[in-house]
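**Q** This is run.cif (mmCIF, C-alpha atoms, pLDDT in the B column; chains and numbers go by the auth columns).
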```
data_final
#
loop_
_atom_site.group_PDB
_atom_site.id
_atom_site.type_symbol
_atom_site.label_atom_id
_atom_site.label_comp_id
_atom_site.label_asym_id
_atom_site.label_seq_id
_atom_site.Cartn_x
_atom_site.Cartn_y
_atom_site.Cartn_z
_atom_site.B_iso_or_equiv
_atom_site.auth_seq_id
_atom_site.auth_asym_id
ATOM 1 C CA GLU A 1 0.000 0.000 0.000 63.00 1 W
ATOM 2 C CA ILE A 2 1.386 3.378 -1.007 65.00 2 W
ATOM 3 C CA ARG A 3 0.907 6.096 1.600 70.00 3 W
ATOM 4 C CA MET A 4 1.142 9.691 0.446 66.00 4 W
ATOM 5 C CA LYS A 5 0.704 12.970 2.194 75.00 5 W
ATOM 6 C CA ARG A 6 -1.663 15.170 0.245 69.00 6 W
ATOM 7 C CA GLU A 7 1.199 17.674 -0.235 68.00 7 W
ATOM 8 C CA GLU A 8 2.980 14.949 -2.236 79.00 8 W
ATOM 9 C CA THR A 9 0.136 14.448 -4.712 89.00 9 W
ATOM 10 C CA VAL A 10 0.142 16.159 -8.103 90.00 10 W
ATOM 11 C CA ASP A 11 -3.541 17.058 -7.918 90.00 11 W
ATOM 12 C CA PHE A 12 -3.069 18.818 -4.556 91.00 12 W
ATOM 13 C CA HIS A 13 -0.565 21.250 -6.093 92.00 13 W
ATOM 14 C CA ILE A 14 -2.619 21.812 -9.260 94.00 14 W
ATOM 15 C CA LYS A 15 -5.814 22.385 -7.272 94.00 15 W
ATOM 16 C CA SER A 16 -4.255 24.715 -4.688 94.00 16 W
ATOM 17 C CA ALA A 17 -2.481 26.740 -7.402 95.00 17 W
ATOM 18 C CA TRP A 18 -5.675 27.010 -9.456 93.00 18 W
ATOM 19 C CA HIS A 19 -7.699 28.078 -6.396 95.00 19 W
ATOM 20 C CA ALA A 20 -5.130 30.785 -5.602 96.00 20 W
ATOM 21 C CA ILE A 21 -5.162 32.007 -9.231 95.00 21 W
ATOM 22 C CA SER A 22 -8.945 31.911 -9.303 93.00 22 W
ATOM 23 C CA ARG A 23 -9.215 33.906 -6.056 94.00 23 W
ATOM 24 C CA MET A 24 -6.794 36.501 -7.445 95.00 24 W
ATOM 25 C CA TYR A 25 -8.726 36.754 -10.755 95.00 25 W
ATOM 26 C CA ASN A 26 -12.053 36.936 -8.882 94.00 26 W
ATOM 27 C CA GLN A 27 -10.744 39.767 -6.708 95.00 27 W
ATOM 28 C CA HIS A 28 -9.767 41.756 -9.835 92.00 28 W
ATOM 29 C CA ALA A 29 -13.073 40.944 -11.541 92.00 29 W
ATOM 30 C CA ALA A 30 -15.126 41.832 -8.443 94.00 30 W
ATOM 31 C CA GLU A 31 -13.526 45.289 -8.402 94.00 31 W
ATOM 32 C CA GLU A 32 -15.008 45.728 -11.890 92.00 32 W
ATOM 33 C CA GLY A 33 -18.384 44.188 -11.004 91.00 33 W
ATOM 34 C CA PHE A 34 -18.111 40.766 -12.645 92.00 34 W
ATOM 35 C CA THR A 35 -16.608 37.287 -12.057 92.00 35 W
ATOM 36 C CA THR A 36 -13.720 35.238 -13.402 92.00 36 W
ATOM 37 C CA ALA A 37 -16.187 32.859 -15.075 92.00 37 W
ATOM 38 C CA ILE A 38 -17.842 35.773 -16.903 95.00 38 W
ATOM 39 C CA GLY A 39 -14.381 37.061 -17.865 95.00 39 W
ATOM 40 C CA PHE A 40 -13.480 33.720 -19.444 94.00 40 W
ATOM 41 C CA VAL A 41 -16.758 33.697 -21.402 96.00 41 W
ATOM 42 C CA LEU A 42 -16.117 37.265 -22.623 97.00 42 W
ATOM 43 C CA ILE A 43 -12.603 36.302 -23.783 96.00 43 W
ATOM 44 C CA ASN A 44 -14.114 33.511 -25.899 95.00 44 W
ATOM 45 C CA ILE A 45 -16.546 35.775 -27.766 96.00 45 W
ATOM 46 C CA ASN A 46 -15.243 37.369 -30.958 96.00 46 W
ATOM 47 C CA SER A 47 -15.386 41.139 -30.469 95.00 47 W
ATOM 48 C CA LYS A 48 -16.281 41.896 -34.108 94.00 48 W
ATOM 49 C CA GLU A 49 -18.272 38.945 -35.470 93.00 49 W
ATOM 50 C CA GLY A 50 -19.760 37.515 -32.300 95.00 50 W
ATOM 51 C CA THR A 51 -19.568 33.784 -31.629 94.00 51 W
ATOM 52 C CA PRO A 52 -22.151 31.012 -32.090 92.00 52 W
ATOM 53 C CA ALA A 53 -23.551 30.159 -28.647 90.00 53 W
ATOM 54 C CA THR A 54 -22.880 26.448 -29.289 89.00 54 W
ATOM 55 C CA LYS A 55 -19.123 27.063 -29.699 91.00 55 W
ATOM 56 C CA ILE A 56 -18.578 28.788 -26.348 93.00 56 W
ATOM 57 C CA ALA A 57 -19.335 25.983 -23.841 89.00 57 W
ATOM 58 C CA PRO A 58 -16.941 23.408 -25.388 88.00 58 W
ATOM 59 C CA LYS A 59 -14.089 25.973 -25.460 87.00 59 W
ATOM 60 C CA LEU A 60 -14.484 26.508 -21.725 88.00 60 W
ATOM 61 C CA GLY A 61 -15.316 22.938 -20.730 85.00 61 W
ATOM 62 C CA LEU A 62 -18.720 24.072 -19.470 85.00 62 W
ATOM 63 C CA GLU A 63 -22.039 22.291 -19.532 87.00 63 W
ATOM 64 C CA THR A 64 -24.502 23.936 -21.941 86.00 64 W
ATOM 65 C CA ARG A 65 -26.968 24.538 -19.060 89.00 65 W
ATOM 66 C CA SER A 66 -24.349 26.402 -17.023 88.00 66 W
ATOM 67 C CA LEU A 67 -23.427 28.562 -19.997 91.00 67 W
ATOM 68 C CA THR A 68 -27.097 29.306 -20.744 92.00 68 W
ATOM 69 C CA ARG A 69 -27.578 30.615 -17.197 93.00 69 W
ATOM 70 C CA MET A 70 -24.355 32.605 -17.368 94.00 70 W
ATOM 71 C CA LEU A 71 -25.290 34.171 -20.736 96.00 71 W
ATOM 72 C CA LYS A 72 -28.663 35.178 -19.280 95.00 72 W
ATOM 73 C CA THR A 73 -26.893 36.889 -16.368 95.00 73 W
ATOM 74 C CA MET A 74 -24.443 38.530 -18.770 97.00 74 W
ATOM 75 C CA GLU A 75 -27.345 39.789 -20.903 97.00 75 W
ATOM 76 C CA GLU A 76 -29.033 41.228 -17.790 96.00 76 W
ATOM 77 C CA LYS A 77 -25.750 42.982 -16.875 96.00 77 W
ATOM 78 C CA GLY A 78 -25.582 44.498 -20.369 97.00 78 W
ATOM 79 C CA LEU A 79 -22.397 42.655 -21.390 98.00 79 W
ATOM 80 C CA VAL A 80 -23.765 40.616 -24.318 98.00 80 W
ATOM 81 C CA TYR A 81 -26.731 40.388 -26.642 97.00 81 W
ATOM 82 C CA LYS A 82 -28.066 37.592 -28.862 95.00 82 W
ATOM 83 C CA LYS A 83 -28.980 37.690 -32.534 94.00 83 W
ATOM 84 C CA PRO A 84 -30.026 34.910 -34.893 91.00 84 W
ATOM 85 C CA ASP A 85 -27.113 33.647 -37.006 85.00 85 W
ATOM 86 C CA LEU A 86 -27.427 35.061 -40.542 84.00 86 W
ATOM 87 C CA VAL A 87 -26.163 31.824 -42.111 83.00 87 W
ATOM 88 C CA ASP A 88 -27.887 29.261 -39.871 81.00 88 W
ATOM 89 C CA LYS A 89 -31.220 30.778 -38.815 80.00 89 W
ATOM 90 C CA ARG A 90 -31.729 28.081 -36.129 84.00 90 W
ATOM 91 C CA SER A 91 -28.496 29.102 -34.415 87.00 91 W
ATOM 92 C CA VAL A 92 -27.894 32.104 -32.156 91.00 92 W
ATOM 93 C CA ARG A 93 -24.766 34.264 -32.114 94.00 93 W
ATOM 94 C CA ILE A 94 -23.576 36.029 -28.990 96.00 94 W
ATOM 95 C CA TYR A 95 -22.208 39.561 -29.424 98.00 95 W
ATOM 96 C CA LEU A 96 -20.394 41.812 -26.963 98.00 96 W
ATOM 97 C CA THR A 97 -21.885 45.169 -26.039 98.00 97 W
ATOM 98 C CA GLU A 98 -19.476 48.105 -25.596 97.00 98 W
ATOM 99 C CA GLU A 99 -19.433 47.332 -21.858 97.00 99 W
ATOM 100 C CA GLY A 100 -18.795 43.649 -22.643 97.00 100 W
ATOM 101 C CA LYS A 101 -15.825 44.648 -24.820 97.00 101 W
ATOM 102 C CA ARG A 102 -14.493 46.820 -21.988 96.00 102 W
ATOM 103 C CA LYS A 103 -14.768 43.964 -19.475 96.00 103 W
ATOM 104 C CA LYS A 104 -13.149 41.589 -21.986 97.00 104 W
ATOM 105 C CA GLU A 105 -10.175 43.967 -22.315 96.00 105 W
ATOM 106 C CA ILE A 106 -9.862 44.071 -18.512 95.00 106 W
ATOM 107 C CA SER A 107 -9.917 40.240 -18.389 95.00 107 W
ATOM 108 C CA VAL A 108 -7.268 39.907 -21.106 96.00 108 W
ATOM 109 C CA LYS A 109 -5.096 42.571 -19.436 96.00 109 W
ATOM 110 C CA THR A 110 -5.328 40.809 -16.037 95.00 110 W
ATOM 111 C CA ILE A 111 -4.300 37.456 -17.539 95.00 111 W
ATOM 112 C CA LYS A 112 -1.430 39.038 -19.510 97.00 112 W
ATOM 113 C CA GLU A 113 -0.137 40.906 -16.440 96.00 113 W
ATOM 114 C CA PHE A 114 -0.200 37.736 -14.326 97.00 114 W
ATOM 115 C CA ASN A 115 1.618 35.768 -17.034 96.00 115 W
ATOM 116 C CA GLU A 116 4.222 38.535 -17.437 97.00 116 W
ATOM 117 C CA GLN A 117 4.868 38.430 -13.680 97.00 117 W
ATOM 118 C CA ILE A 118 5.252 34.637 -13.840 97.00 118 W
ATOM 119 C CA ARG A 119 7.722 34.981 -16.742 97.00 119 W
ATOM 120 C CA GLN A 120 9.784 37.483 -14.735 98.00 120 W
ATOM 121 C CA VAL A 121 10.217 34.924 -11.956 98.00 121 W
ATOM 122 C CA ILE A 122 10.423 31.611 -13.848 97.00 122 W
ATOM 123 C CA PRO A 123 13.031 31.071 -16.585 97.00 123 W
ATOM 124 C CA GLU A 124 11.720 30.146 -20.071 97.00 124 W
ATOM 125 C CA LYS A 125 13.425 26.725 -19.903 98.00 125 W
ATOM 126 C CA ASP A 126 11.546 25.914 -16.672 98.00 126 W
ATOM 127 C CA LEU A 127 8.252 27.046 -18.211 97.00 127 W
ATOM 128 C CA GLU A 128 8.865 24.794 -21.237 97.00 128 W
ATOM 129 C CA SER A 129 9.359 21.846 -18.849 97.00 129 W
ATOM 130 C CA PHE A 130 6.240 22.900 -16.920 96.00 130 W
ATOM 131 C CA PHE A 131 4.114 22.960 -20.102 96.00 131 W
ATOM 132 C CA ALA A 132 5.543 19.616 -21.274 96.00 132 W
ATOM 133 C CA THR A 133 4.740 18.127 -17.863 95.00 133 W
ATOM 134 C CA PHE A 134 1.162 19.391 -18.038 94.00 134 W
ATOM 135 C CA GLU A 135 0.746 17.867 -21.518 95.00 135 W
ATOM 136 C CA LYS A 136 1.805 14.512 -20.077 95.00 136 W
ATOM 137 C CA ILE A 137 -0.570 14.970 -17.120 94.00 137 W
ATOM 138 C CA GLN A 138 -3.383 15.674 -19.614 91.00 138 W
ATOM 139 C CA MET A 139 -2.492 12.471 -21.511 93.00 139 W
ATOM 140 C CA VAL A 140 -2.682 10.502 -18.255 92.00 140 W
ATOM 141 C CA ILE A 141 -6.052 12.104 -17.467 90.00 141 W
ATOM 142 C CA ASP A 142 -7.350 11.255 -20.948 89.00 142 W
ATOM 143 C CA GLN A 143 -6.171 7.667 -20.606 89.00 143 W
ATOM 144 C CA PHE A 144 -7.477 7.397 -17.025 86.00 144 W
ATOM 145 C CA SER A 145 -10.839 8.702 -18.271 80.00 145 W
ATOM 146 C CA GLY A 146 -10.817 6.212 -21.134 78.00 146 W
ATOM 147 C CA ILE A 147 -10.650 8.918 -23.796 65.00 147 W
ATOM 148 C CA GLU A 148 -7.469 7.701 -25.464 55.00 148 W
ATOM 149 C CA VAL A 149 -7.271 4.114 -24.307 48.00 149 W
ATOM 150 C CA ASN A 150 -5.074 2.875 -27.164 49.00 150 W
ATOM 151 C CA LYS A 151 -2.451 5.617 -26.900 50.00 151 W
ATOM 152 C CA PRO A 152 0.615 5.158 -24.706 47.00 152 W
ATOM 153 C CA ILE A 153 0.594 7.308 -21.575 45.00 153 W
ATOM 154 C CA TYR A 154 3.716 9.166 -22.618 44.00 154 W
ATOM 155 C CA GLU A 155 5.899 9.450 -25.633 43.00 155 W
ATOM 156 C CA LEU A 156 9.468 8.879 -24.402 34.00 156 W
#
```
Let me see the file written as structure tokens.

**A**
Amino acid sequence: EIRMKREETVDFHIKSAWHAISRMYNQHAAEEGFTTAIGFVLININSKEGTPATKIAPKLGLETRSLTRMLKTMEEKGLVYKKPDLVDKRSVRIYLTEEGKRKKEISVKTIKEFNEQIRQVIPEKDLESFFATFEKIQMVIDQFSGIEVNKPIYEL
């Protein structure tokens, strides 16, 4: 039997880092009157052409129901509006209002500033290793979830 302290598990470090990042992003977003989740949705809507509603949830790994509720809230806050798609009349496109574009810019700026601060502290070579490690973790997750059962866990 393998005994591990939670501080020794990979998921503990990923989860605690993500929670800290999320809290930091939420604090910035709250100062502007929105949430991190709304910020991520805004970032995934094309500022000029809008984005089909059906394309947003998969990009963010959200359930359609959750996104539907969030879009309703965002519409009520005056951040987005819906229009029928001109090509596919059954489909709806989501567009940013001027306020939505402003909040999107704030979200992008916050993410860029955080990443610039990270890059000032962590050498590029270490970040490359970090990203490669996360790709391998994602492969393990996919295999563990049965998504890519026939693929080897890592390419050595």

**Q** What does the distance between CA of Arg65 (chain W) and CA of Ile106 (chain W) come to in Å, to one decimal place?

**A** 26.0 Å

**Q** Work out how far apart CA of Glu99 (chain W) and CA of Leu79 (chain W) are and give it in Å to one decimal.

**A**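 CA of Leu79 (chain W) lies at a distance of 5.6 Å from CA of Glu99 (chain W).
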
**Q** Rounded to one decimal in Å, what is the spacing between CA of Glu49 (chain W) and CA of Arg69 (chain W)?

**A** 22.1 Å

**Q** Need the shell around Asp11 (chain W): protein/DNA/RNA residues with any atom at most 12 Å away, counting only C-alpha atoms. Skip same-chain ones fewer than 6 positions apart. Format as a list in words?

**A** Lys5, Ala17, Trp18, His19, Phe134, Ile137, Gln138 and Ile141 of chain W

**Q** With distances taken over all atoms listed in the file, which residue among W:Asn115, W:Glu8, W:Lys103, W:Leu71 lies nearest Ala30 (chain W)?

**A**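 Residue with the minimum atom-to-atom distance to Ala30 (chain W): W:Lys103.
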
**Q** Step by step: start from the point (-16.0, 40.0, -15.8) in the file's coordinates, keep every protein, DNA or RNA residue that has an atom no farther than 8 Å from it, count all atoms listed in the file, and write the set as a list in words.

**A**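 Applying the cut-off with all atoms listed in the file, one gets Ala29, Ala30, Glu32, Gly33, Phe34, Thr35, Thr36, Ala37, Ile38, Gly39, Phe40, Leu42, Lys103, Lys104, Ile106 and Ser107 of chain W.
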
**Q** Give me, as a ChimeraX atom specification, all polymer residues having an atom no more than 12 Å from Ala53 (chain W), counting all atoms listed in the file and skipping those fewer than 2 positions away in the same chain.

**A** /W:41-42,44-46,50-51,55-60,64-65,67-68,70-72,80-85,90-95

**Q** Find the residue from W:Met74, W:Phe130, W:Ile122, W:Ser47 that sits nearest to Ile14 (chain W); use only C-alpha atoms when measuring.

**A**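 Ranking W:Met74, W:Phe130, W:Ile122, W:Ser47 by distance to Ile14 (chain W), first place goes to W:Phe130.
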
**Q** Could you tell me which of W:Lys89, W:Lys101, W:Lys136, W:Arg23 comes closest to Pro52 (chain W) if we count all atoms listed in the file?

**A**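 For Pro52 (chain W), the nearest of the given residues is W:Lys89.
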